[in-house]
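This is input-v9.cif. It holds mmCIF, C-alpha atoms.
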data_data
#
loop_
_atom_site.label_atom_id
_atom_site.label_comp_id
_atom_site.auth_asym_id
_atom_site.auth_seq_id
_atom_site.Cartn_x
_atom_site.Cartn_y
_atom_site.Cartn_z
CA MET N 24 -8.08 -27.56 13.24
CA ARG N 25 -11.20 -25.48 13.37
CA PHE N 26 -12.41 -26.34 9.84
CA SER N 27 -12.75 -29.53 7.80
CA PRO N 28 -13.07 -30.19 4.06
CA GLY N 29 -16.52 -29.16 2.86
CA ASP N 30 -17.04 -26.53 5.57
CA ARG N 31 -18.48 -23.22 4.40
CA VAL N 32 -16.52 -20.18 5.58
CA ARG N 33 -16.47 -16.42 5.07
CA THR N 34 -13.27 -14.37 4.88
CA ARG N 35 -12.78 -11.33 7.07
CA HIS N 36 -13.61 -7.96 5.62
CA THR N 37 -11.08 -5.80 7.48
CA ASP N 38 -8.41 -3.81 5.65
CA PRO N 39 -5.37 -4.12 7.94
CA PRO N 40 -2.72 -1.36 8.07
CA HIS N 41 0.03 -3.99 7.57
CA HIS N 42 1.07 -6.80 5.23
CA THR N 43 -1.51 -9.56 4.80
CA ARG N 44 -1.96 -12.59 2.56
CA LEU N 45 -5.71 -12.17 2.34
CA PRO N 46 -5.95 -10.44 -1.04
CA ARG N 47 -8.38 -7.55 -1.31
CA TYR N 48 -10.44 -9.30 -4.01
CA ALA N 49 -11.19 -12.19 -1.65
CA ARG N 50 -12.29 -10.23 1.43
CA GLY N 51 -15.76 -10.75 2.89
CA ALA N 52 -16.37 -13.65 0.52
CA ALA N 53 -18.04 -17.02 1.14
CA GLY N 54 -16.18 -20.16 0.08
CA THR N 55 -15.69 -23.85 0.77
CA VAL N 56 -12.71 -25.50 2.50
CA LEU N 57 -11.02 -28.03 0.17
CA HIS N 58 -8.20 -29.32 2.38
CA ASP N 59 -5.72 -28.15 5.00
CA GLU N 60 -2.16 -27.18 4.09
CA GLY N 61 -0.48 -27.72 7.45
CA GLU N 62 0.34 -25.11 10.07
CA HIS N 63 2.37 -21.98 9.39
CA PRO N 64 3.11 -18.76 11.31
CA LEU N 65 0.74 -15.97 10.29
CA ALA N 66 2.47 -13.84 7.64
CA ASP N 67 0.74 -10.68 8.93
CA ASP N 68 2.51 -11.08 12.29
CA ARG N 69 5.86 -12.21 10.89
CA SER N 70 5.98 -9.12 8.70
CA ARG N 71 5.74 -7.01 11.89
CA GLY N 72 8.67 -8.74 13.58
CA MET N 73 6.46 -10.92 15.78
CA HIS N 74 6.96 -14.65 16.33
CA PRO N 75 3.47 -16.12 16.04
CA VAL N 76 2.56 -19.70 16.92
CA PRO N 77 1.88 -21.64 13.68
CA GLN N 78 -1.81 -21.97 12.84
CA PRO N 79 -3.68 -24.00 10.22
CA VAL N 80 -3.76 -22.83 6.61
CA TYR N 81 -6.59 -24.06 4.38
CA ALA N 82 -7.14 -24.20 0.64
CA VAL N 83 -10.49 -22.42 0.23
CA ARG N 84 -12.38 -22.41 -3.07
CA PHE N 85 -14.58 -19.52 -4.21
CA GLU N 86 -16.96 -19.19 -7.13
CA ALA N 87 -15.90 -16.33 -9.44
CA ARG N 88 -19.45 -15.02 -9.20
CA GLU N 89 -19.01 -14.62 -5.43
CA LEU N 90 -15.72 -12.72 -5.81
CA PHE N 91 -16.38 -10.64 -8.91
CA GLY N 92 -20.12 -10.81 -9.54
CA ALA N 93 -19.53 -12.69 -12.80
CA GLY N 94 -17.57 -15.58 -14.27
CA GLU N 95 -17.97 -19.36 -14.53
CA HIS N 96 -14.60 -20.34 -13.01
CA THR N 97 -13.40 -20.93 -9.45
CA VAL N 98 -10.48 -19.39 -7.55
CA THR N 99 -8.74 -21.28 -4.76
CA LEU N 100 -6.61 -19.46 -2.18
CA SER N 101 -4.45 -20.58 0.73
CA LEU N 102 -5.84 -18.83 3.80
CA TRP N 103 -4.78 -18.77 7.45
CA GLU N 104 -7.40 -19.77 10.01
CA ASP N 105 -7.42 -16.20 11.42
CA TYR N 106 -8.80 -14.96 8.09
CA LEU N 107 -11.86 -17.21 8.26
CA GLU N 108 -15.18 -17.31 10.10
CA PRO N 109 -17.67 -20.20 10.02
CA LEU N 110 -20.65 -19.63 7.78
CA MET L 23 7.90 -3.36 -13.84
CA SER L 24 10.18 -6.32 -13.24
CA HIS L 25 11.49 -7.43 -9.87
CA SER L 26 14.97 -6.06 -10.57
CA ASP L 27 13.78 -2.46 -10.80
CA ALA L 28 11.26 -2.66 -7.94
CA SER L 29 12.04 -0.40 -4.97
CA ILE L 30 12.37 -3.48 -2.75
CA ALA L 31 15.18 -4.72 -5.01
CA ALA L 32 17.08 -1.46 -4.48
CA ARG L 33 16.63 -1.83 -0.72
CA VAL L 34 17.86 -5.42 -0.80
CA ARG L 35 20.93 -4.41 -2.81
CA HIS L 36 21.63 -1.63 -0.31
CA VAL L 37 21.30 -3.94 2.72
CA GLU L 38 23.50 -6.51 0.97
CA ALA L 39 26.16 -3.85 0.33
CA LEU L 40 26.09 -2.76 3.98
CA LEU L 41 26.39 -6.35 5.22
CA GLU L 42 29.37 -6.92 2.94
CA GLU L 43 30.98 -3.59 3.89
CA ARG L 44 30.82 -4.54 7.58
CA GLY L 45 32.14 -8.01 6.93
CA LEU L 46 28.95 -9.73 8.11
CA VAL L 47 28.45 -11.68 4.90
CA ASP L 48 30.79 -12.62 2.12
CA ALA L 49 29.55 -11.60 -1.34
CA GLN L 50 30.98 -14.77 -2.86
CA GLU L 51 29.18 -16.86 -0.26
CA LEU L 52 25.85 -15.31 -1.29
CA ASP L 53 26.60 -15.88 -4.97
CA ARG L 54 27.60 -19.48 -4.32
CA ALA L 55 24.35 -20.19 -2.42
CA LEU L 56 22.27 -18.64 -5.19
CA GLU L 57 24.17 -20.40 -7.96
CA ALA L 58 23.91 -23.76 -6.22
CA PHE L 59 20.15 -23.36 -5.90
CA LEU L 60 19.58 -22.09 -9.43
CA ALA L 61 21.92 -24.63 -11.09
CA ASN L 62 19.40 -27.36 -10.25
CA ALA L 63 16.27 -25.25 -10.68
CA LYS L 64 15.02 -25.76 -14.24
CA PRO L 65 11.82 -26.63 -16.10
CA ALA L 66 13.28 -30.04 -16.99
CA ASN L 67 12.48 -31.07 -13.39
CA GLY L 68 8.79 -30.30 -13.74
CA LYS L 69 8.68 -32.02 -17.13
CA ARG L 70 10.23 -35.19 -15.65
CA ILE L 71 7.57 -35.24 -12.92
CA VAL L 72 4.80 -35.04 -15.52
CA ALA L 73 6.35 -37.70 -17.75
CA ARG L 74 6.65 -40.12 -14.81
CA ALA L 75 3.04 -39.43 -13.76
CA TRP L 76 1.83 -40.18 -17.30
CA ALA L 77 3.88 -43.37 -17.49
CA ASP L 78 3.20 -44.72 -14.00
CA THR L 79 -0.30 -44.49 -12.50
CA GLY L 80 0.99 -45.51 -9.04
CA PHE L 81 3.42 -42.59 -9.08
CA LYS L 82 0.66 -40.29 -10.26
CA ALA L 83 -1.58 -41.29 -7.34
CA ARG L 84 1.26 -40.69 -4.85
CA LEU L 85 2.09 -37.38 -6.53
CA LEU L 86 -1.45 -36.07 -6.20
CA GLU L 87 -1.63 -37.30 -2.58
CA ASN L 88 1.74 -35.97 -1.34
CA ALA L 89 3.89 -34.34 -3.99
CA ASN L 90 6.82 -33.56 -1.66
CA THR L 91 7.51 -37.23 -0.91
CA ALA L 92 6.60 -38.46 -4.42
CA ILE L 93 9.14 -36.26 -6.23
CA GLU L 94 11.90 -37.62 -3.98
CA GLU L 95 11.40 -40.94 -5.83
CA ILE L 96 12.92 -39.30 -8.91
CA GLY L 97 15.62 -37.42 -7.02
CA LEU L 98 13.89 -34.05 -6.75
CA SER L 99 12.99 -31.96 -3.72
CA MET L 100 11.34 -28.69 -2.75
CA GLY L 101 14.21 -27.85 -0.40
CA GLY L 102 17.28 -25.81 -1.29
CA GLY L 103 15.71 -22.41 -0.76
CA LEU L 104 15.29 -20.64 2.57
CA GLN L 105 12.74 -23.21 3.72
CA GLN L 106 11.22 -26.45 2.48
CA GLN L 107 8.04 -25.59 0.62
CA THR L 108 4.88 -27.63 0.29
CA LEU L 109 4.15 -28.68 -3.28
CA LYS L 110 0.62 -29.35 -4.48
CA VAL L 111 0.14 -30.91 -7.91
CA VAL L 112 -3.24 -30.22 -9.53
CA GLU L 113 -4.41 -32.49 -12.34
CA ASN L 114 -6.09 -31.35 -15.54
CA THR L 115 -9.05 -33.46 -16.66
CA PRO L 116 -11.63 -33.10 -19.44
CA GLU L 117 -13.85 -31.41 -16.80
CA VAL L 118 -11.35 -29.06 -15.09
CA HIS L 119 -8.36 -27.08 -16.35
CA ASN L 120 -6.03 -25.61 -13.70
CA VAL L 121 -4.13 -22.31 -13.89
CA ILE L 122 -1.57 -21.00 -11.38
CA VAL L 123 -0.98 -17.41 -10.30
CA CYS L 124 0.34 -15.48 -7.32
CA THR L 125 -1.72 -12.30 -7.16
CA LEU L 126 0.16 -10.83 -4.18
CA CYS L 127 3.72 -11.25 -5.46
CA SER L 128 5.17 -13.95 -7.70
CA CYS L 129 5.28 -17.23 -5.72
CA TYR L 130 6.37 -19.99 -8.07
CA PRO L 131 7.92 -23.47 -7.75
CA ILE L 132 11.39 -22.24 -8.78
CA ALA L 133 13.08 -25.52 -7.81
CA LEU L 134 10.96 -27.36 -10.39
CA LEU L 135 10.51 -24.72 -13.10
CA GLY L 136 13.50 -22.40 -12.79
CA PRO L 137 13.02 -18.63 -12.47
CA SER L 138 9.54 -17.52 -13.54
CA PRO L 139 8.87 -15.82 -16.89
CA ALA L 140 8.37 -12.03 -16.93
CA TRP L 141 4.69 -12.31 -17.82
CA TYR L 142 4.03 -14.44 -14.73
CA LYS L 143 5.31 -11.59 -12.55
CA SER L 144 3.51 -8.86 -14.49
CA PRO L 145 0.68 -6.99 -12.74
CA ALA L 146 -1.45 -7.57 -15.87
CA TYR L 147 -1.31 -11.39 -15.62
CA ARG L 148 -1.65 -11.41 -11.83
CA SER L 149 -4.68 -9.14 -11.70
CA ARG L 150 -6.49 -10.43 -14.79
CA VAL L 151 -6.14 -14.20 -14.62
CA VAL L 152 -8.19 -14.49 -11.40
CA ARG L 153 -10.97 -12.36 -12.85
CA ASP L 154 -11.04 -13.51 -16.49
CA PRO L 155 -8.92 -16.65 -16.92
CA ARG L 156 -10.55 -17.62 -20.21
CA GLY L 157 -9.77 -14.20 -21.68
CA VAL L 158 -6.13 -14.42 -20.54
CA LEU L 159 -5.73 -17.97 -21.86
CA ALA L 160 -7.18 -16.86 -25.21
CA GLU L 161 -4.25 -14.43 -25.47
CA PHE L 162 -1.97 -17.46 -25.07
CA GLY L 163 -3.88 -19.01 -27.98
CA PHE L 164 -5.52 -21.57 -25.73
CA ASP L 165 -9.21 -22.30 -25.14
CA PRO L 166 -9.48 -25.20 -22.66
CA GLU L 167 -12.58 -27.34 -22.48
CA GLY L 168 -14.38 -27.71 -19.17
CA GLU L 169 -14.34 -25.47 -16.12
CA ILE L 170 -11.31 -23.39 -15.16
CA ALA L 171 -9.87 -23.61 -11.64
CA VAL L 172 -7.46 -20.81 -10.75
CA TRP L 173 -5.04 -21.40 -7.85
CA ASP L 174 -3.70 -18.26 -6.14
CA ALA L 175 -0.48 -19.18 -4.31
CA SER L 176 -1.15 -16.78 -1.45
CA ALA L 177 0.57 -18.63 1.43
CA GLU L 178 3.22 -21.35 1.81
CA THR L 179 2.12 -23.85 -0.84
CA ARG L 180 3.51 -23.90 -4.38
CA TYR L 181 1.44 -25.36 -7.21
CA LEU L 182 2.30 -27.33 -10.33
CA VAL L 183 -0.19 -28.30 -13.05
CA LEU L 184 -0.27 -31.90 -14.30
CA PRO L 185 -1.38 -31.51 -17.94
CA ARG L 186 -3.45 -34.13 -19.76
CA ARG L 187 -1.38 -36.62 -21.70
CA PRO L 188 -1.57 -35.80 -25.42
CA ALA L 189 -3.25 -38.23 -27.79
CA ALA L 190 -1.07 -40.61 -29.85
CA THR L 191 1.75 -40.84 -27.31
CA GLU L 192 1.20 -44.52 -26.45
CA GLY L 193 4.44 -46.39 -26.12
CA TRP L 194 6.59 -43.26 -25.73
CA ASP L 195 9.33 -43.55 -23.15
CA GLU L 196 9.59 -41.05 -20.30
CA GLN L 197 12.27 -38.97 -21.96
CA ARG L 198 10.19 -38.51 -25.08
CA LEU L 199 7.10 -37.74 -23.00
CA ALA L 200 9.05 -35.12 -21.01
CA GLU L 201 10.05 -33.40 -24.24
CA ALA L 202 6.37 -32.97 -25.12
CA VAL L 203 5.77 -30.92 -21.94
CA THR L 204 6.22 -27.13 -21.97
CA ARG L 205 6.89 -24.80 -19.07
CA ASN L 206 3.62 -22.97 -19.74
CA GLY L 207 1.80 -26.30 -19.59
CA LEU L 208 3.08 -26.67 -16.02
CA ILE L 209 1.64 -23.24 -15.11
CA GLY L 210 -1.61 -23.90 -16.99
CA THR L 211 -1.29 -21.34 -19.78
CA ALA L 212 -0.77 -24.06 -22.43
CA PRO L 213 -2.54 -27.40 -22.94
CA VAL L 214 0.66 -29.46 -22.41
#
Output the file's structure in the form of structure tokens.
Amino acid sequence: MRFSPGDRVRTRHTDPPHHTRLPRYARGAAGTVLHDEGEHPLADDRSRGMHPVPQPVYAVRFEARELFGAGEHTVTLSLWEDYLEPL
Amino acid sequence: MSHSDASIAARVRHVEALLEERGLVDAQELDRALEAFLANAKPANGKRIVARAWADTGFKARLLENANTAIEEIGLSMGGGLQQQTLKVVENTPEVHNVIVCTLCSCYPIALLGPSPAWYKSPAYRSRVVRDPRGVLAEFGFDPEGEIAVWDASAETRYLVLPRRPAATEGWDEQRLAEAVTRNGLIGTAPV
């Protein structure tokens, strides 16, 4: 596990030419790790017929203001470790 | 657009027809597997979970800690589909109201809520509730107090909302409590 609850992370900003579970609205955004959700094979690789080794998935919480520039709510996403960089 | 008229649905039907034509799968076998799964997949399951959590604080604590093992105590499970899914129960409080969405497709705890309603799968709900949850909830006639936490089921975890127990339900048994819960309450688009 590379990240722990409370860690600040930033999501990757790349726009891959294949399936991904990092939604466009949450790319390049700074958030906080809430908890881990176990290890799962990366959906991006599975969708391309690969057999990836499972990697940690984290629940990461973002302020709406960070994602959309406005809003008082939060949005929490489940994100694979590959999508995240330490902040 | 609903799932049944999506282009992927046409492709799935075509692949299914080819598999049947070549004798690789039996159409009745597929129907039986689907029927067996859906026969037990209904909102009554989710309502029972909530009623037990309201009635039993020990169960509620276990449910919030590890929902997959807690729901086995009342004979439910997240298995039965292609793979066992992780369930995360998120609790509403006076400070935080939770809402569930899947912006990428339509991930949903089918085993506990049955097939999802059309609005849950609609591009309008999926794109708007992450950006303006209070505006979307207002269209459901609901204005929750406190902060709103949206959960986007973007990976392998499925979410279920634990609504706040309504006032004046002291002494109600679990069956009566379960009847007070609505499907939308379990998604977060209704108070209970």
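If you measure from each of L:Lys69, L:Lys64, L:Lys143, L:Lys110 to Thr91 of chain L using all atoms listed in the file, the closest one turns out to be L:Lys110.
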Tell me the residues of chain L close to chain N, meaning within 7 Å using only C-alpha atoms, as a PyMOL selection string.
-> chain L and resi 126+152-153+169-177
Could you tell me, as a PDB file with C-alpha atoms, in the coordinates of the input, which residues have any atom at most 9 Å from (2.0, -24.6, -10.9), counting all atoms listed in the file?
ATOM      1  CA  LEU L 109       4.150 -28.680  -3.280  1.00  0.00           C
ATOM      2  CA  LYS L 110       0.620 -29.350  -4.480  1.00  0.00           C
ATOM      3  CA  VAL L 111       0.140 -30.910  -7.910  1.00  0.00           C
ATOM      4  CA  VAL L 112      -3.240 -30.220  -9.530  1.00  0.00           C
ATOM      5  CA  ASN L 120      -6.030 -25.610 -13.700  1.00  0.00           C
ATOM      6  CA  VAL L 121      -4.130 -22.310 -13.890  1.00  0.00           C
ATOM      7  CA  ILE L 122      -1.570 -21.000 -11.380  1.00  0.00           C
ATOM      8  CA  VAL L 123      -0.980 -17.410 -10.300  1.00  0.00           C
ATOM      9  CA  TYR L 130       6.370 -19.990  -8.070  1.00  0.00           C
ATOM     10  CA  PRO L 131       7.920 -23.470  -7.750  1.00  0.00           C
ATOM     11  CA  LEU L 135      10.510 -24.720 -13.100  1.00  0.00           C
ATOM     12  CA  TRP L 173      -5.040 -21.400  -7.850  1.00  0.00           C
ATOM     13  CA  ALA L 175      -0.480 -19.180  -4.310  1.00  0.00           C
ATOM     14  CA  ARG L 180       3.510 -23.900  -4.380  1.00  0.00           C
ATOM     15  CA  TYR L 181       1.440 -25.360  -7.210  1.00  0.00           C
ATOM     16  CA  LEU L 182       2.300 -27.330 -10.330  1.00  0.00           C
ATOM     17  CA  VAL L 183      -0.190 -28.300 -13.050  1.00  0.00           C
ATOM     18  CA  LEU L 184      -0.270 -31.900 -14.300  1.00  0.00           C
ATOM     19  CA  GLY L 207       1.800 -26.300 -19.590  1.00  0.00           C
ATOM     20  CA  LEU L 208       3.080 -26.670 -16.020  1.00  0.00           C
ATOM     21  CA  ILE L 209       1.640 -23.240 -15.110  1.00  0.00           C
ATOM     22  CA  GLY L 210      -1.610 -23.900 -16.990  1.00  0.00           C
TER      23      GLY L 210
END
For Pro137 of chain L, which of L:Thr211, L:Thr125, L:Asn62, L:Thr79 is the closest residue, counting only C-alpha atoms?
->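 Of all the options, L:Asn62 lies closest to Pro137 of chain L.
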Would you mind reading off the distance between atom CA of Arg198 of chain L and atom CA of Pro185 of chain L, one decimal, in Å?
->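 For atom CA of Arg198 of chain L relative to atom CA of Pro185 of chain L, the distance reads 15.3 Å.
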Excluding same-chain residues fewer than 3 positions from Ala202 of chain L, what lies within 10 Å of it counting all atoms listed in the file, as a PyMOL selection string?
-> chain L and resi 69+72-73+187-188+191+196-199+207+214
Length of the atom CA of Glu192 of chain L to atom CA of Asp78 of chain L vector [Å] =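 Interatomic distance here is 12.6 Å.
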